[in-house]
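Asks: Just dropping this structure here.
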Amino acid sequence: MAIIDFIGVNKWFGKLHVLNDINLSIDEGEVVVVIGPSGSGKSTLIRCINRLETIDQGELIVDGQHVESPRTNIRRLRQEVGMVFQQFNLYPHKTVLENITLAPTRVKKVPRAQADKAAQQLLERVDIGAKSDVYPGKLSGGQQQRVAIARALAMEPKILLFDEPTSALDPEMIQEVLEVMKGLARTRITMVVVTHEMGFAREVADRVIFMDSGRIVEVGTPEHFFQDPKEDRTKLFLSKIL
Amino acid sequence: MAIIDFIGVNKWFGKLHVLNDINLSIDEGEVVVVIGPSGSGKSTLIRCINRLETIDQGELIVDGQHVESPRTNIRRLRQEVGMVFQQFNLYPHKTVLENITLAPTRVKKVPRAQADKAAQQLLERVDIGAKSDVYPGKLSGGQQQRVAIARALAMEPKILLFDEPTSALDPEMIQEVLEVMKGLARTRITMVVVTHEMGFAREVADRVIFMDSGRIVEVGTPEHFFQDPKEDRTKLFLSKIL
Amino acid sequence: GNGGGNTGAQVEGVVSPTAAGGGNNAAGTPAAGAGNGGGTTLAQIKQRGTLNVGVKYDAPPFGSLDPKTNEVTGFDIDVARAIAKHVLGDEKKVKLVQVSSKNRIPLLQNGQIDMFAATATITPDRLKEIDFSNTYYRAGQSLLVKKDSDIKEYKDLAGKNVCTVEGSTPEETIRRLVPKAKVTLFESYTECLSSLRNGRVDAITTDNVLLEGFRQQDPENLKLTGGLFTFEPYGLGIRKGNTELQKAVNEALKNMQDNGEYAKIHQKWLKEPLPKDFKEWYGTSAQEAAQKFEEQSKSQ
Amino acid sequence: MRWSVLVDNFDLLLQGLLITIQVSALGLLLALAIGVVVAVLRVTPNRLARLVGASYVEFVRNVPLLVLIFFIYTGLPDVGIRFSELVTGVLGLGIYTGAFVAEVLRSGIQGIPRGQLEAALASGLSYLQAMRLVILPQAIRNTIPPLGNQTINLIKNSSLVSTISLLDILGTANLISSRTFAYAPVLLGAAALYLSLTIPAAFMVNGLERRMRAAYR
Amino acid sequence: MRWSVLVDNFDLLLQGLLITIQVSALGLLLALAIGVVVAVLRVTPNRLARLVGASYVEFVRNVPLLVLIFFIYTGLPDVGIRFSELVTGVLGLGIYTGAFVAEVLRSGIQGIPRGQLEAALASGLSYLQAMRLVILPQAIRNTIPPLGNQTINLIKNSSLVSTISLLDILGTANLISSRTFAYAPVLLGAAALYLSLTIPAAFMVNGLERRMRAAYR
Ligand SMILES: Nc1ncnc2c1ncn2[C@@H]1O[C@H](COP(=O)(O)OP(=O)(O)OP(=O)(O)O)[C@@H](O)[C@H]1O
Ligand SMILES: Nc1ncnc2c1ncn2[C@@H]1O[C@H](COP(=O)(O)OP(=O)(O)OP(=O)(O)O)[C@@H](O)[C@H]1O
Ligand SMILES: [Mg+2]
Ligand SMILES: [Mg+2]
C-alpha cells in the first residue's frame with residue numbers, strides 16, 4: 001500500500017521547472033534511493049514530502065493526507081516523517097540528549113523522564129550512548145549525523161527522509177553512518193534516501209530512482225541500474241559516479 | 001663611498017631578536033639583493049633604512065644622516081629613499097598619474113604641470129604611458145607594480161628599496177617588472193632588493209646577502225652564491241629555491 | 001474630540017521624590033474609553049477617598065518642592081488641603097501631582113487630576129476648556145530683573161529679552177503690551193531664572209507673587225519692578241461639567257473666608273495680612289472674573 | 001565651583017539615580033519584549049506580519065524619542081488614554097528601543113543557518129516553538145554585544161523623562177541647580193552618575209564582544 | 001482630532017522645520033570636523049594623543065546628550081562662558097555626534113590596509129598629509145553608510161534643542177499645542193515633519209549601502 005504518492009506533481013522556482021510531472025508511489029516499508037546530477041531536483045522532491053517545499057501542481061498524498069491541501073494539519077503530518085539533513089542541523093545550544101528530546105517533549109508532550117530514557121536508548125542504538133551530555137560542537141561529523149538520525153527516530157515516524165546524509169562527512173566517517181542506516185533499513189521503516197553511495201543502494205534499496213532536470217528518468221532495482229540501465233543519461237551519470 | 005651603513009644594528013619585536021648585530025655597508029650605485037627564508041628579517045632590514053621600522057641598538061647611517069637619531073629630519077631622508085612594496089600599495093582613489101604626482105607636488109612643491117609632465121615621462125619609461133588616467137583597480141598586477149616603481153622614482157631618490165616586488169604577481173607578469181628593474185639597475189642608482197628571483201640577482205646584482213634568523217649569514221657576488229656558497233644554511237636554502 | 005475626561009482609575013502622582021523612588025511604579029491604568037462626559041464625580045472622589053490636585057513644584061511661595069525635606073509646600077498646597085478638609089473631612093486626603101502651566105489643562109481634562117491649584121488665571125479662553133472655582137487670589141503681572149537693571153516699567157522691555165513659560169497668560173499679555181519685546185519661552189520658570197542669572201534674558205515676567213518667590217531665593221541680586229500691570233484673578237481649575245465638585249469647592253472657599261483659615265494661609269505664605277480690596281475680588285465667580293480680566297486687556 | 005552642593009544634596013541625587021535605574025530597567029524589559037515580537041514578525045513567512053514589523057521599525061526609528069514621549073504624555077490623553085509619568089517614560093523608552101532591539105535580533109536570527117529552522121519544523125515543532133526554542137536562543141547569544149549597546153543608549157535616553165517631570169538623575173539635577181544656582185557642579189555630578197551606569201555597561205559589552213569573537217575562533 | 005490646527009499653523013511649523021534643518025546641518029558640520037580630528041588622534045602613533053582621543057569618545061558617548069546640552073546652556077555660564085541657544089544646540093549636537101563620527105571613521109581608517117600609510121610615509125609625506133590625502137579619503141568612502149545613520153540620529157537628537165527654548169519642529173509643536181490644546185494632532189504633525197527629513201536620509205543610506213556592497217563584489 002502506498003504511503004507516499006506523487007500524482008502529476010509540478011513545481012517551479014521562478015522560471016526553473018524543478019519538478020516536472022512527477023508520478024511516484026512508494027510503499028510502506030520500502031527503501032527508495034534517489035540519485036541524479038546536481039540540481040536535478042532530488043532535494044526538492046523529498047523536501048516536498050514534509051512540505052519544507054510546497055508543490056505548485058498535482059497531488060501529493062503522504063500517510064493518507066493531502067500534503068498540498070491547506071486543511072491538512074502539517075504538524076501532525078511532520079510527526080510521521082523524520083528527516084536527516086546533509087549538514088546535520090543539530091541544535092548547537094542543546095546537549096545531544098536535549099537535541100533528541102526537544103520534539104517529543106514539546107510536540108508529543110512526552111514526560112521528561114520517559115523522553116530521556118527513550119533518547120538514551122536511541123543513542124545506544126546509533127552506538128553513541130556515552131555522549132548524551134555533550135554539546136554537538138564537540139562531536140565528529142559522523143557522530144553528529146548519527147545523533148541527527150536518533151533525533152529523527154525519536155518521534156517514532158513512519159517515514160524517514162535522508163538528503164545526502166554522508167556528503168558532508170570525511171571519508172573515514174561515511175561507513176559508520178551508512179551502517180546505522182542499513183540497520184534501519186532492515187527494520188522495514190519507509191526510507192527515501194538521496195545519496196550517491198551506490199554500495200548502500202545495492203545492499204538495501206528496494207528501488208532506485210534516477211532524476212535529471214526535474215524529471216524521473218528511470219526507475220528500477222539496484223541490479224537493473226548496475227547491470228542494464230536503459231536511458232543514455234542514466235548510463236552517462238552512472239559512468240561518472242561508479 | 002657608503003651611502004647605507006649598518007653598524008652593529010640590533011632590533012627586537014618583543015622577545016624576537018629580528019635583527020642580530022647587523023654590519024653592512026652599501027656603496028652608492030651598488031645593487032644589493034637580499035635573500036633568506038621567510039621570517040629571517042629581510043623586510044625588517046630594508047624597512048629600517050627609511051625608518052618604517054626603528055632600530056633598538058647600533059647606528060644606521062643613510063646618505064650621511066643618522067636614521068636612528070631623533071634630530072634627523074626623517075621626511076627629508078625619505079625623499080632620498082624610494083620604496084616598492086610587495087602589495088604595490090597604489091592609492092586606489094587616485095588615478096595612475098595622481099599616484100605619481102602626489103608626493104612631488106605635496107612634498108617638493110613641484111608645480112602641477114611640471115609634475116604631470118615628469119610623471120608622464122616616468123610612465124613611458126616603465127612602458128605604461130597610455131594608462132595615466134586610469135584608476136589602479138583597472139590594471140593588472142604587473143602594471144600596478146610598474147606604476148609603483150614610477151611613483152618611487154618620481155621623487156628622484158638616490159636609493160630604491162624593493163621588498164619582494166614580484167611575489168604577489170602571476171608568473172606571466174613577473175618578467176615585465178623584472179625588466180624594468182634591470183633597466184634601473186643599469187642607471188647605477190643604489191638598489192636594495194629583497195627577492196627570490198635568482199635570475200635577476202645573477203644578471204644585475206653586485207652583491208647578494210643571505211640572511212637567516214636575523215643575522216647576515218653570508219655575503220658575496222652572485223657567482224659566489226651559485227658556484228661556491230660556504231655556509232651549510234646557505235646551501236640548504238639555495239637547494240630549495242633554485 | 002472628546003469633551004470631558006474619563007472615569008479615572010487610580011492615578012499616580014508624584015507626592016515626593018521619596019515616594020517616587022519607592023513603590024509607586026504602579027501603572028496609571030488606561031481609561032476604558034473616551035468621552036464619557038461627566039468625568040470623576042464628587043461621589044467617586046469621596047468613594048476613592050483622595051482628592052488628586054495638580055500643583056506647581058517650581059512656583060514659590062504658591063507651590064515648591066523643598067529639596068531638604070522632599071516635601072511640596074506653599075499657598076496652593078494649603079488651599080488644596082483646606083478644601084480636602086471641607087470636602088472629604090481630612091486635609092491629609094490629598095494627592096499632589098506636579099503640573100506645569102503647559103500640562104495642567106490636559107491633565108485635568110483627561111482625569112489625571114480632579115482639580116488644580118496652580119497659579120492659574122481665570123480667562124475667557126480657558127473657561128472654554130475647563131471650569132474654575134470662584135476667585136481665590138488676586139495677582140498682577142510684574143517684572144523681575146537684576147538689581148542693576150535699568151528696566152523701570154514694562155514699556156522698557158521693547159527690544160529686550162523677556163522670559164516666561166509656555167502656555168501662560170503672561171506670555172500673551174506681554175506680547176500684546178510690548179510687541180517689540182523678544183519673548184523666550186520655557187517649560188518652567190527654573191530655566192527662566194537661570195537665563196536671567198546668566199544674562200540670556202533681561203527680565204522675567206509673570207504674576208508678582210511668583211516673582212517675589214524667586215526674588216527671595218536670591219535677594220542680593222534680584223528685584224521686582226514695574227508694579228502690577230494686570231489684574232490676574234486666580235481660580236482653582238475644575239473639569240468642565242463637574243459642577244458638584246465646583247459647588248463643593250466654592251463652599252469650601254467661602255467657609256475658609258468665614259472661619260479665618262484663608263487669612264491664616266495668606267499670612268503664612270505671603271507674610272502679610274489680607275489686602276484692603278480683598279472683599280472686592282475674593283469669591284467673585286469665574287465668569288465675572290474672566291470678564292473683568294477681558295475688559296482690562298481691552299482697555300490697555 | 002561649589003562642589004559642596006553635591007554633598008549637601010547627595011541623597012536627592014541618589015534618589016534620582018534610583019528612578020533612572022527603575023525607568024531604564026522597566027524600559028529595557030519592555031524593549032526586549034517588543035523587540036522579540038517585532039523581530040519574529042519581520043522574519044515570519046507571512047507577508048502581512050512582515051509589513052507590520054517593518055512599518056513599526058521604520059516609523060519608530062525615524063522619529064525623535066522626545067516626540068514619542070510627548071505624544072504619549074500629552075497627545076494620547078487627547079484621545080482618552082492616559083498614563084502616569086513613570087509609565088509614560090517606560091513606554092516611550094520601551095517602544096523606541098524596541099525597534100532597535102528588533103533590528104539587532106532580526107540580523108541575529110538571519111545569521112542562524114536556515115537548516116536550524118528546517119530541522120525544527122521537520123520534527124513537528126510549530127513555527128513559534130521553533131523560534132522560541134531553537135532560533136531565538138542562538139540568535140540572542142550572538143546579539144548580546146549589540147544589545148548591550150542598545151542598553152547603554154536606553155540608559156542615556158532615559159534622561160528625557162526629566163522633561164515630563166520625573167525626578168530621575170537629570171530631573172533631580174535640574175531641581176537642585178535651580179535652587180542652588182550651582183549649575184555646573186550639579187550637572188557634572190549628574191554626568192558622573194550616568195557614567196557610573198554606562199561605563200560598567202560598556203565594559204561588560206566590550207568583554208562580551210571579545211569573548212564572542214574568541215568563541216568563534 | 002482637530003487636524004485644522006496643523007493647517008492654521010502651517011507657516012509656524014515650517015519655520016520650525018527650517019530651524020531643525022539649520023541646527024542639524026551646522027551640528028553635522030561640527031560633528032564631522034570633530035570626528036575627523038578625534039579619529040586621527042585615535043590612530044596616531046602618539047600615545048598621549050590616543051589617550052586624549054579615547055577619553056573624549058568614552059566620556060561623550062556615555063553621557064546623555066541632554067546633560068551635555070544643559071551643561072553648555074546653564075553650566076558654562078557659571079564659569080563665564082555663554083553661548084546663544086542656537087550655538088548651544090549646535091555645540092551640543094556637534095560635540096556629542098562627533099564622538100560617534102570619530103568611532104565610525106576610526107574603524108574606517110583601521111580598515112584601510114597598513115601599506116597605504118607606509119607607501120605615503122615612505123614617499124616623504126608627513127603623517128598628517130598621509131592621513132588627509134591618502135587614508136581619510138578612502139576611509140570616508142567606506143564610512144558613508146554608517147555616517148548616514150549618524151546623520152539620522154543627529155536629526156532626531158536635534159529635537160532636544162526644544163528644551164532650551166529654540167523653536168525647532170518640536171519647540172514649535174509644543175508652542176502651538178500649548179495655545180490650542182490640540183496636543184495629539186500637533187505632535188503627529190511634528191512626527192511627520194521629522195519623518196520628512198529622516199526617511200529620505202534612510203533611503204539614501206540604504207541605497208549607498210547596497211552600492212557599496214556591490215562595489216566590493
Ligand atoms: N529556494 C530556491 N529558490 C530558487 N531556486 C532553488 C531553490 N532551491 C533549489 N533551487 C534550484 O532548484 C534546482 C533543484 O535543486 P535541488 O536542491 O532540488 O537539486 P538537487 O538534485 O538536490 O541538487 P544537489 O545534488 O546539488 O543537492 C537547482 O537548480 C537549484 O538551484
Ligand atoms: N610589527 C611586528 N611585530 C612583531 N613581530 C614582527 C613584526 N614585523 C615582523 N615581525 C616578525 O619578525 C620576524 C622577521 O620578519 P620579516 O618580515 O622581517 O621577515 P622576512 O624575512 O621579510 O620574511 P618573509 O620572507 O616572510 O617576508 C618574523 O618572525 C615576523 O613574524
Ligand atoms: Mg540536494
Ligand atoms: Mg618580508
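Chain labels A, B, ... are given in the sequence in which chains occur in the C-alpha cells; within each chain residues are numbered consecutively from 1, and ligands are likewise numbered from 1 in the order shown.
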What are the residues of chain A that have an atom within 7 Å of an atom of chain D, counting only C-alpha atoms, as an NGL selection string?
Replies: :A and (50 or 75-76 or 78-79 or 82-83 or 89 or 91 or 93 or 103 or 107 or 152)
Asks: Would you put the residues from that selection into a file with N, CA, C and O atoms, as a compact mmCIF listing (two decimals), in the first residue's frame?
Replies:
# COMPACT_ATOMS: atom_id res chain seq x y z
N ASN A 50 7.56 16.47 3.32
CA ASN A 50 7.12 17.03 4.61
C ASN A 50 6.86 18.54 4.50
O ASN A 50 6.91 19.26 5.48
N ARG A 75 1.63 19.91 11.04
CA ARG A 75 2.48 19.50 12.16
C ARG A 75 2.24 18.03 12.49
O ARG A 75 3.17 17.32 12.84
N ARG A 76 1.01 17.58 12.38
CA ARG A 76 0.75 16.16 12.64
C ARG A 76 1.44 15.31 11.60
O ARG A 76 2.03 14.27 11.91
N ARG A 78 4.10 16.02 9.90
CA ARG A 78 5.55 16.03 10.08
C ARG A 78 5.99 15.09 11.19
O ARG A 78 7.13 14.65 11.22
N GLN A 79 5.08 14.83 12.14
CA GLN A 79 5.44 13.88 13.20
C GLN A 79 5.64 12.48 12.65
O GLN A 79 6.32 11.66 13.25
N GLY A 82 10.30 11.72 9.65
CA GLY A 82 11.57 12.21 10.18
C GLY A 82 12.48 12.61 9.04
O GLY A 82 12.35 12.13 7.92
N MET A 83 13.39 13.55 9.32
CA MET A 83 14.28 14.00 8.25
C MET A 83 15.71 14.15 8.75
O MET A 83 15.95 14.65 9.85
N ASN A 89 22.43 19.74 11.05
CA ASN A 89 21.50 20.69 11.65
C ASN A 89 21.13 20.34 13.08
O ASN A 89 20.00 20.51 13.50
N TYR A 91 21.05 21.15 17.03
CA TYR A 91 20.94 22.45 17.72
C TYR A 91 22.20 22.65 18.55
O TYR A 91 22.40 21.94 19.55
N HIS A 93 23.10 24.75 20.74
CA HIS A 93 22.98 25.25 22.11
C HIS A 93 22.35 24.21 23.03
O HIS A 93 22.10 24.52 24.20
N ALA A 103 11.66 17.63 20.50
CA ALA A 103 10.37 17.46 19.83
C ALA A 103 9.43 16.54 20.61
O ALA A 103 8.26 16.91 20.82
N VAL A 107 6.23 18.50 21.40
CA VAL A 107 5.15 18.25 20.44
C VAL A 107 4.23 17.15 20.96
O VAL A 107 3.02 17.31 20.99
N ALA A 152 15.76 12.11 14.56
CA ALA A 152 14.65 11.88 13.64
C ALA A 152 13.81 10.69 14.12
O ALA A 152 12.58 10.70 13.99
Asks: Return the neighbours of chain C among the residues of chain D, cut-off 7 Å, counting only C-alpha atoms, as a PyMOL selection string.
Replies: chain D and resi 15+18-19+74+77+79-84+86-87+167+178
Asks: Pick out the residues sitting within 9 Å of stretch 35-40 of chain D, and hand them over as a count of residues only; count only C-alpha atoms, and ignore anything fewer than 6 positions along from it in its own chain.
Replies: 23
Asks: Could you list, as a ChimeraX atom specification, all the residues within 6 Å of ligand 2, counting only C-alpha atoms and all ligand atoms?
Replies: /B:13,18,37-44
Asks: Using only C-alpha atoms and all ligand atoms for the distances, tell me which of B:Gln143, B:Ser132, B:Gln86, B:Thr95 is nearest to ligand 4.
Replies: B:Gln86
Asks: Pull the strand (DSSP E or B) assignments for stretch 47-269 of chain C out of DSSP run on the backbone, and list those residues as number ranges by chain.
Replies: C: 51-55, 58-59, 63-66, 71-73, 94-98, 115-117, 121, 131-132, 137-139, 141-146, 161-165, 182-186, 203-207, 222-225, 232-234, 237-238
Asks: Near stretch 55-60 of chain B, counting only C-alpha atoms, which residues have an atom at most 10 Å away, once you skip same-chain residues fewer than 5 positions from it, shown as an MDAnalysis selection string?
Replies: chainID B and resid 4:13 19:25 44:45 47:49 65:69
Asks: Fewer than 2 positions away in the same chain doesn't count, so skip those; otherwise give me all residues within 12 Å of E:Phe71, counting only C-alpha atoms, as JSON, numbers by chain.
Replies: {"C": [194], "D": [170, 173, 174, 177, 182, 183, 184, 185, 186, 187, 188, 189, 190, 191], "E": [63, 64, 65, 66, 67, 68, 69, 73, 74, 75, 76, 77, 78, 79, 81, 82, 83, 88, 89, 91, 92, 164]}
Asks: Can you pull out every residue within 9 Å of stretch 188-202 of chain A, counting only C-alpha atoms, but drop anything in the same chain fewer than 5 positions away, and send it as a VMD selection string?
Replies: chain A and resid 3 26 to 36 42 to 43 46 157 to 167 178 to 179 181 to 182 207 to 208 221 to 223 226 241 to 242
Asks: Could you name the residues that touch B:Phe225 at 9 Å or less, counting only C-alpha atoms, but leaving out those on the same chain fewer than 5 positions away, as a list in words?
Replies: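 Here the answer would be Val208, Glu218, Val219, Gly220, Lys230, Thr234, Lys235 and Leu238 of chain B.
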Asks: Just list the residues in stretch 66-266 of chain C DSSP gives helix (DSSP H, G or I) on the backbone, as a PyMOL selection string.
Replies: chain C and resi 75-88+104-109+124-129+154-157+169-177+189-197+208-217+243-258+261-266
Asks: Measuring atom to atom with only C-alpha atoms, identify which of E:Ala202, E:Ile34, E:Leu26, E:Leu51 is nearest to chain D.
Replies: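 Closest to chain D, using only C-alpha atoms: E:Ala202.
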Asks: Between D:Asp8, D:Glu58, D:Glu209, D:Glu85, which has the minimum distance to chain E (counting only C-alpha atoms)?
Replies: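 Going through D:Asp8, D:Glu58, D:Glu209, D:Glu85 one by one, the smallest distance to chain E is for D:Glu58.
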